[in-house]
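Student: This is the structure, below, for whatever I ask next.
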Amino acid sequence: MNKPLRRIAIFCGLLVLALLIRDNWLQYVKADSLREDPDNRRVLIARYATPRGDIIVDGKSITGHAETTSGDFKYKRTYKDGAMWAPVTGFVSQAYGATQLESIEDGILTGNDDRLFFRNTLDMLTGKPKEGGNVVTTLNAAAQKAAYNGLKKQGGKGAVAAIEPSTGKILALASYPSYDPSTIAGGSDSDAEAWKKLDKKNNPDDPSLNRALREVYPPGSTFKVVTAAAALENGLYKSADEKTDSPLPWTMPGTTTQLKNEGNIPCKNATLRVALQYSCNTVFGKIGSDLGNDKMLDEAKKFGFTEEQFTPVRSSASVFSDDMNPSQTALSSIGQYNTAATPLQMAMVASAVANNGTLMKPYMVDSLQAPNLDTLEKTEPEKMSEPLSAENAQILQSMMETVVDKGTGTTAQIDGVTVGGKTGTAQHGENNSKNPYAWFISYAKVGDSAPVAVAVVVQDDNAVRENISGSGLAAPIAKSVMEAVIDSKK
């Protein structure tokens, strides 16, 4: 071969080698990034070319699919009672992506999860269309309906979280106002209009906000359950009926400000039981101040404060501050100042007390299924912490049961069921200028077991201020959720 031909052959060989290297680079090194590139329309077309797997509650799907009438995408997602289930499912949209379970478990639902590789390969060889798997939740349909309808009936804003104390299974997760994910599942003009209405700039009610997981509220007097636990765990007081060192009036340390109680209630040197029954600010504020910031923060952390929770949907971290002076600690110990909590967090507080001091990690996905319903993954209950001993938990149970039996929480009573609870009315706005939040946390016991713990928060900006209370607005919703869970187990 003469020299010019050899040079041409070498050059052509280098071009072929470069092509092979480039091809392998694209197929193996860049495959994932190209597949996940939002501008890769082929991936999106393939994503919506087959029906999506379902999200399951009580053995029934709360999602579905429908064929589209135009465009490149063959199928779109549909939802049953979408507004009720939106805080659980999130949404998947041809135009706006996906959130919550729809996003986190997208691989299973689309059938692209690596665990389905061999099945997908077999289906490809046999010509069977690819199918998505299912996400089986821990939710209780009756409890979710009771929670959502209760919030809707109130007509304001609010949220409910309910947990099975012995396992951490989330039984209800409701938020109001809400939205129907079906309305934004496609890519039409009507979907675009619905999407605009979800923008907080256009809708101050912010219906797409998951208030059960993502909003933190001052918990008000419901936080006194945490403060009572701290008092018992640190040996400040050893029983529910021991008198406390609680003068009345009580001036917060380092200030000239007296901490006030609501009305003329028997708070002077009250026992822990009486103090919780009547919700004495002075007693629990002084307990927090006496224990100090470090011990109060340590107890709050044991209940889950200061850390995000993953259910697997992320829940915002609840707040209990450090570096507070004694008066700030006092206010924080009655659920004010900087203290803030998600409804899930306060359900966790009630759950730990009901479960004899053991807090189980909250979760909402029971299992993941292949298209043939084989179980790919099963969630096992996991202990998260022990905020208080079994002995002290039982003391606190007796106190919370007194609250419902003859205290501020009587509206949560259920015939034939032992109910423990705590009401809360939390200040809202600068200088308490806005209507307060109404709270109620509770648990129900049937025999020796506690099948459910609940937290409810209601924000009603249109209500008469004097009519706002945890007992009046939030406790009836908690009661209906507890009844729904108990009835479903009969």
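Every chain in the structure tokens has a letter given in the order shown (A, B, ...), and although residue numbers restart at 1 in each chain, ligands are simply numbered from 1 in the order shown.
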With a distance cut-off of 6 Å and only C-alpha atoms, select the neighbouring residues of Asp180 in chain A, excluding the residue or stretch itself and same-chain residues fewer than 3 positions from it, and output the selection as a PyMOL selection string.
Tutor: chain A and resi 82-83+183
Student: Using DSSP on the backbone coordinates, identify all residues within range 260-373 of chain A classified as strand (DSSP E or B); present the result as a list in words.
Tutor: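 Output for range 260-373 of chain A, strand (DSSP E or B) only: Thr271, Gln309, Phe310, Arg314, Ser315, Val319, Ala340, Ala341, Leu359, Met360, Tyr363, Val365, Asp366, Ser367, Leu368 and Gln369 of chain A.
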Student: Smallest atom-to-atom distance to Pro218 in chain A: which of A:Thr418, A:Thr379, A:Thr342, A:Ser385, using only C-alpha atoms?
Tutor: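 Checking each candidate against Pro218 in chain A, we get A:Thr342 as the closest.
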Student: What parts of range 307-402 of chain A does DSSP call alpha helix (DSSP H)? I'd like the answer as a ChimeraX atom specification.
Tutor: /A:326-332,343-354,390-402
Student: Go ahead and save the residues from that selection, with N, CA, C and O atoms, as a short mmCIF file (atom, residue, chain, number, x, y, z; two decimals), in the first residue's frame.
Tutor:
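Wrote it out as selection.cif, contents follow:
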data_model
loop_
_atom_site.label_atom_id
_atom_site.label_comp_id
_atom_site.auth_asym_id
_atom_site.auth_seq_id
_atom_site.Cartn_x
_atom_site.Cartn_y
_atom_site.Cartn_z
N PRO A 326 -34.12 31.79 80.10
CA PRO A 326 -35.18 31.11 80.85
C PRO A 326 -36.60 31.55 80.49
O PRO A 326 -37.51 30.72 80.44
N SER A 327 -36.80 32.84 80.23
CA SER A 327 -38.16 33.29 79.90
C SER A 327 -38.56 32.83 78.51
O SER A 327 -39.72 32.45 78.28
N GLN A 328 -37.62 32.83 77.56
CA GLN A 328 -37.91 32.31 76.23
C GLN A 328 -38.19 30.81 76.27
O GLN A 328 -39.08 30.31 75.59
N THR A 329 -37.44 30.10 77.12
CA THR A 329 -37.67 28.67 77.28
C THR A 329 -39.05 28.42 77.87
O THR A 329 -39.74 27.47 77.49
N ALA A 330 -39.46 29.28 78.80
CA ALA A 330 -40.79 29.15 79.40
C ALA A 330 -41.87 29.27 78.33
O ALA A 330 -42.81 28.46 78.28
N LEU A 331 -41.76 30.28 77.48
CA LEU A 331 -42.77 30.48 76.43
C LEU A 331 -42.73 29.33 75.42
O LEU A 331 -43.77 28.85 74.96
N SER A 332 -41.53 28.87 75.08
CA SER A 332 -41.41 27.75 74.15
C SER A 332 -42.01 26.48 74.72
O SER A 332 -42.53 25.63 73.98
N PRO A 343 -48.31 18.91 61.79
CA PRO A 343 -49.31 17.99 62.34
C PRO A 343 -48.77 16.57 62.49
O PRO A 343 -49.08 15.89 63.47
N LEU A 344 -47.93 16.11 61.54
CA LEU A 344 -47.33 14.79 61.69
C LEU A 344 -46.52 14.71 62.98
O LEU A 344 -46.59 13.71 63.71
N GLN A 345 -45.74 15.75 63.27
CA GLN A 345 -44.92 15.74 64.48
C GLN A 345 -45.78 15.61 65.74
O GLN A 345 -45.46 14.84 66.65
N MET A 346 -46.87 16.34 65.79
CA MET A 346 -47.69 16.29 67.01
C MET A 346 -48.46 14.97 67.10
O MET A 346 -48.74 14.49 68.21
N ALA A 347 -48.75 14.35 65.96
CA ALA A 347 -49.30 12.98 66.00
C ALA A 347 -48.26 12.02 66.54
O ALA A 347 -48.59 11.06 67.27
N MET A 348 -47.00 12.25 66.21
CA MET A 348 -45.91 11.43 66.75
C MET A 348 -45.81 11.57 68.26
O MET A 348 -45.52 10.59 68.97
N VAL A 349 -46.03 12.76 68.78
CA VAL A 349 -46.00 12.97 70.24
C VAL A 349 -47.08 12.13 70.91
O VAL A 349 -46.82 11.38 71.87
N ALA A 350 -48.32 12.24 70.40
CA ALA A 350 -49.42 11.46 70.98
C ALA A 350 -49.18 9.97 70.82
O ALA A 350 -49.50 9.17 71.70
N SER A 351 -48.60 9.59 69.68
CA SER A 351 -48.34 8.19 69.40
C SER A 351 -47.34 7.59 70.38
O SER A 351 -47.52 6.47 70.88
N ALA A 352 -46.27 8.32 70.67
CA ALA A 352 -45.25 7.82 71.60
C ALA A 352 -45.82 7.62 72.99
O ALA A 352 -45.52 6.63 73.67
N VAL A 353 -46.65 8.56 73.44
CA VAL A 353 -47.27 8.42 74.76
C VAL A 353 -48.19 7.19 74.77
O VAL A 353 -48.15 6.38 75.70
N ALA A 354 -49.00 7.03 73.72
CA ALA A 354 -49.94 5.91 73.66
C ALA A 354 -49.23 4.57 73.58
O ALA A 354 -49.75 3.56 74.05
N ALA A 390 -41.74 3.55 80.05
CA ALA A 390 -43.11 3.01 80.06
C ALA A 390 -43.87 3.52 81.28
O ALA A 390 -45.06 3.86 81.19
N GLU A 391 -43.19 3.59 82.42
CA GLU A 391 -43.85 4.06 83.65
C GLU A 391 -44.30 5.50 83.50
O GLU A 391 -45.45 5.85 83.84
N ASN A 392 -43.42 6.36 82.99
CA ASN A 392 -43.79 7.76 82.83
C ASN A 392 -44.81 7.95 81.72
O ASN A 392 -45.66 8.85 81.79
N ALA A 393 -44.75 7.12 80.68
CA ALA A 393 -45.77 7.19 79.62
C ALA A 393 -47.15 6.89 80.18
O ALA A 393 -48.14 7.54 79.82
N GLN A 394 -47.22 5.91 81.06
CA GLN A 394 -48.52 5.56 81.64
C GLN A 394 -49.03 6.66 82.57
O GLN A 394 -50.24 6.90 82.65
N ILE A 395 -48.11 7.34 83.26
CA ILE A 395 -48.51 8.51 84.06
C ILE A 395 -49.09 9.58 83.15
O ILE A 395 -50.15 10.17 83.43
N LEU A 396 -48.40 9.83 82.04
CA LEU A 396 -48.86 10.86 81.10
C LEU A 396 -50.17 10.45 80.42
O LEU A 396 -51.04 11.30 80.16
N GLN A 397 -50.34 9.16 80.15
CA GLN A 397 -51.62 8.69 79.62
C GLN A 397 -52.76 9.02 80.58
O GLN A 397 -53.82 9.51 80.15
N SER A 398 -52.55 8.75 81.86
CA SER A 398 -53.62 9.03 82.83
C SER A 398 -53.95 10.52 82.86
O SER A 398 -55.12 10.90 83.04
N MET A 399 -52.94 11.37 82.67
CA MET A 399 -53.17 12.82 82.64
C MET A 399 -53.95 13.23 81.40
O MET A 399 -54.91 14.01 81.47
N MET A 400 -53.57 12.69 80.25
CA MET A 400 -54.27 13.04 79.01
C MET A 400 -55.69 12.49 79.00
O MET A 400 -56.60 13.11 78.42
N GLU A 401 -55.90 11.37 79.65
CA GLU A 401 -57.25 10.81 79.74
C GLU A 401 -58.13 11.64 80.66
O GLU A 401 -59.34 11.77 80.44
N THR A 402 -57.53 12.27 81.68
CA THR A 402 -58.28 13.20 82.53
C THR A 402 -58.72 14.42 81.73
O THR A 402 -59.82 14.95 81.92
#
Student: Set the distance at 12 Å and use only C-alpha atoms: which residues neighbour Val88 in chain A once local chain neighbours fewer than 4 positions away are removed? I'd like the list as a ChimeraX atom specification.
Tutor: /A:55-57,62-63,79,81-84,99-104,135-141,144,160-161,170-175,178,181,208-213,311-315,363-365
Student: Neighbours of range 239-245 of chain A within 6 Å (only C-alpha atoms; same-chain residues fewer than 3 positions away dropped), as a PyMOL selection string?
Tutor: chain A and resi 269-273
Student: Just the residues within 6 Å of range 304-307 of chain A, please, counting only C-alpha atoms, with nothing from its chain fewer than 6 positions along; format it as a PyMOL selection string.
Tutor: chain A and resi 317-319
Student: Name the residues in contact with Thr282 in chain A at a cut-off of 12 Å, using only C-alpha atoms, excluding same-chain residues fewer than 6 positions from it; report them as JSON, numbers by chain.
Tutor: {"A": [221, 224, 244, 245, 246, 247, 248, 249, 250, 251, 252, 257, 258, 259, 260, 261, 262, 265, 266, 267, 268, 269, 270, 271, 272, 275, 276, 288, 289, 290, 327, 330, 331, 333, 334]}
Student: Out of A:Asp374, A:Asp366, A:Glu131, A:Asp23, which residue has the shortest atom-to-atom distance to Lys169 in chain A when counting only C-alpha atoms?
Tutor: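 Going through A:Asp374, A:Asp366, A:Glu131, A:Asp23 one by one, the smallest distance to Lys169 in chain A is for A:Asp366.
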Student: Mind checking which residues fall within 10 Å of Asp206 in chain A, counting only C-alpha atoms, ignoring those fewer than 2 positions away in the same chain, and posting them as a ChimeraX atom specification?
Tutor: /A:157,176-179,197-204,208-211
Student: Kindly save the residues from that selection, with N, CA, C and O atoms included, as a PDB file, in the first residue's frame.
Tutor:
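This is the output file selection_1.pdb:
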ATOM      1  N   LYS A 157     -58.687  26.524  56.934  1.00  0.00           N
ATOM      2  CA  LYS A 157     -57.510  25.788  56.500  1.00  0.00           C
ATOM      3  C   LYS A 157     -57.106  24.845  57.631  1.00  0.00           C
ATOM      4  O   LYS A 157     -57.383  25.123  58.805  1.00  0.00           O
ATOM      5  N   TYR A 176     -56.384  20.740  53.933  1.00  0.00           N
ATOM      6  CA  TYR A 176     -57.480  21.498  53.340  1.00  0.00           C
ATOM      7  C   TYR A 176     -57.159  22.987  53.425  1.00  0.00           C
ATOM      8  O   TYR A 176     -56.653  23.444  54.445  1.00  0.00           O
ATOM      9  N   PRO A 177     -57.447  23.750  52.324  1.00  0.00           N
ATOM     10  CA  PRO A 177     -58.017  23.326  51.048  1.00  0.00           C
ATOM     11  C   PRO A 177     -57.025  22.491  50.250  1.00  0.00           C
ATOM     12  O   PRO A 177     -55.818  22.532  50.482  1.00  0.00           O
ATOM     13  N   SER A 178     -57.563  21.733  49.293  1.00  0.00           N
ATOM     14  CA  SER A 178     -56.738  20.842  48.509  1.00  0.00           C
ATOM     15  C   SER A 178     -57.021  21.062  47.026  1.00  0.00           C
ATOM     16  O   SER A 178     -57.659  22.046  46.640  1.00  0.00           O
ATOM     17  N   TYR A 179     -56.554  20.154  46.196  1.00  0.00           N
ATOM     18  CA  TYR A 179     -56.725  20.263  44.748  1.00  0.00           C
ATOM     19  C   TYR A 179     -56.844  18.864  44.163  1.00  0.00           C
ATOM     20  O   TYR A 179     -56.430  17.881  44.797  1.00  0.00           O
ATOM     21  N   LYS A 197     -53.992  28.254  38.812  1.00  0.00           N
ATOM     22  CA  LYS A 197     -54.810  28.450  40.007  1.00  0.00           C
ATOM     23  C   LYS A 197     -54.157  27.870  41.256  1.00  0.00           C
ATOM     24  O   LYS A 197     -54.540  28.204  42.382  1.00  0.00           O
ATOM     25  N   LEU A 198     -53.185  26.974  41.044  1.00  0.00           N
ATOM     26  CA  LEU A 198     -52.478  26.400  42.192  1.00  0.00           C
ATOM     27  C   LEU A 198     -51.347  27.285  42.673  1.00  0.00           C
ATOM     28  O   LEU A 198     -50.820  27.073  43.774  1.00  0.00           O
ATOM     29  N   ASP A 199     -50.952  28.254  41.873  1.00  0.00           N
ATOM     30  CA  ASP A 199     -49.863  29.152  42.241  1.00  0.00           C
ATOM     31  C   ASP A 199     -50.316  30.042  43.396  1.00  0.00           C
ATOM     32  O   ASP A 199     -51.369  30.670  43.336  1.00  0.00           O
ATOM     33  N   LYS A 200     -49.496  30.114  44.436  1.00  0.00           N
ATOM     34  CA  LYS A 200     -49.861  30.912  45.614  1.00  0.00           C
ATOM     35  C   LYS A 200     -50.062  32.384  45.262  1.00  0.00           C
ATOM     36  O   LYS A 200     -50.833  33.083  45.919  1.00  0.00           O
ATOM     37  N   LYS A 201     -49.392  32.854  44.203  1.00  0.00           N
ATOM     38  CA  LYS A 201     -49.567  34.243  43.785  1.00  0.00           C
ATOM     39  C   LYS A 201     -50.985  34.494  43.307  1.00  0.00           C
ATOM     40  O   LYS A 201     -51.517  35.592  43.455  1.00  0.00           O
ATOM     41  N   ASN A 202     -51.581  33.458  42.705  1.00  0.00           N
ATOM     42  CA  ASN A 202     -52.945  33.590  42.182  1.00  0.00           C
ATOM     43  C   ASN A 202     -54.004  33.094  43.158  1.00  0.00           C
ATOM     44  O   ASN A 202     -55.174  33.423  43.018  1.00  0.00           O
ATOM     45  N   ASN A 203     -53.583  32.291  44.130  1.00  0.00           N
ATOM     46  CA  ASN A 203     -54.520  31.709  45.081  1.00  0.00           C
ATOM     47  C   ASN A 203     -53.890  31.702  46.470  1.00  0.00           C
ATOM     48  O   ASN A 203     -53.124  30.799  46.809  1.00  0.00           O
ATOM     49  N   PRO A 204     -54.180  32.701  47.281  1.00  0.00           N
ATOM     50  CA  PRO A 204     -53.550  32.797  48.608  1.00  0.00           C
ATOM     51  C   PRO A 204     -53.878  31.625  49.531  1.00  0.00           C
ATOM     52  O   PRO A 204     -53.179  31.408  50.520  1.00  0.00           O
ATOM     53  N   SER A 208     -52.169  23.609  46.972  1.00  0.00           N
ATOM     54  CA  SER A 208     -51.198  22.549  46.718  1.00  0.00           C
ATOM     55  C   SER A 208     -50.249  22.321  47.891  1.00  0.00           C
ATOM     56  O   SER A 208     -49.477  21.362  47.886  1.00  0.00           O
ATOM     57  N   LEU A 209     -50.310  23.169  48.906  1.00  0.00           N
ATOM     58  CA  LEU A 209     -49.457  23.007  50.091  1.00  0.00           C
ATOM     59  C   LEU A 209     -49.924  21.807  50.900  1.00  0.00           C
ATOM     60  O   LEU A 209     -51.098  21.701  51.267  1.00  0.00           O
ATOM     61  N   ASN A 210     -49.009  20.902  51.182  1.00  0.00           N
ATOM     62  CA  ASN A 210     -49.312  19.744  52.025  1.00  0.00           C
ATOM     63  C   ASN A 210     -49.155  20.171  53.486  1.00  0.00           C
ATOM     64  O   ASN A 210     -48.073  20.068  54.071  1.00  0.00           O
ATOM     65  N   ARG A 211     -50.232  20.649  54.066  1.00  0.00           N
ATOM     66  CA  ARG A 211     -50.156  21.206  55.417  1.00  0.00           C
ATOM     67  C   ARG A 211     -49.870  20.159  56.490  1.00  0.00           C
ATOM     68  O   ARG A 211     -49.405  20.500  57.570  1.00  0.00           O
TER      69      ARG A 211
END
Student: Using only C-alpha atoms, which residue out of A:Ser190, A:Thr222, A:Asn372, A:Asn2 lies closest to Thr339 in chain A?
Tutor: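 Closest candidate: A:Thr222.
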Student: CA of Val283 in chain A and CA of Trp439 in chain A are how many Å apart?
Tutor: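 So the two atoms, CA of Val283 in chain A and CA of Trp439 in chain A, lie 19.7 Å apart.
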Student: A:Asp54, A:Glu483, A:Glu382, A:Glu105: which is nearest Thr78 in chain A, counting only C-alpha atoms?
Tutor: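 For Thr78 in chain A, the nearest of the given residues is A:Asp54.
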Student: Can you work out the spacing between CA of Gln94 in chain A and CA of Phe73 in chain A in Å, to one decimal?
Tutor: 7.8 Å
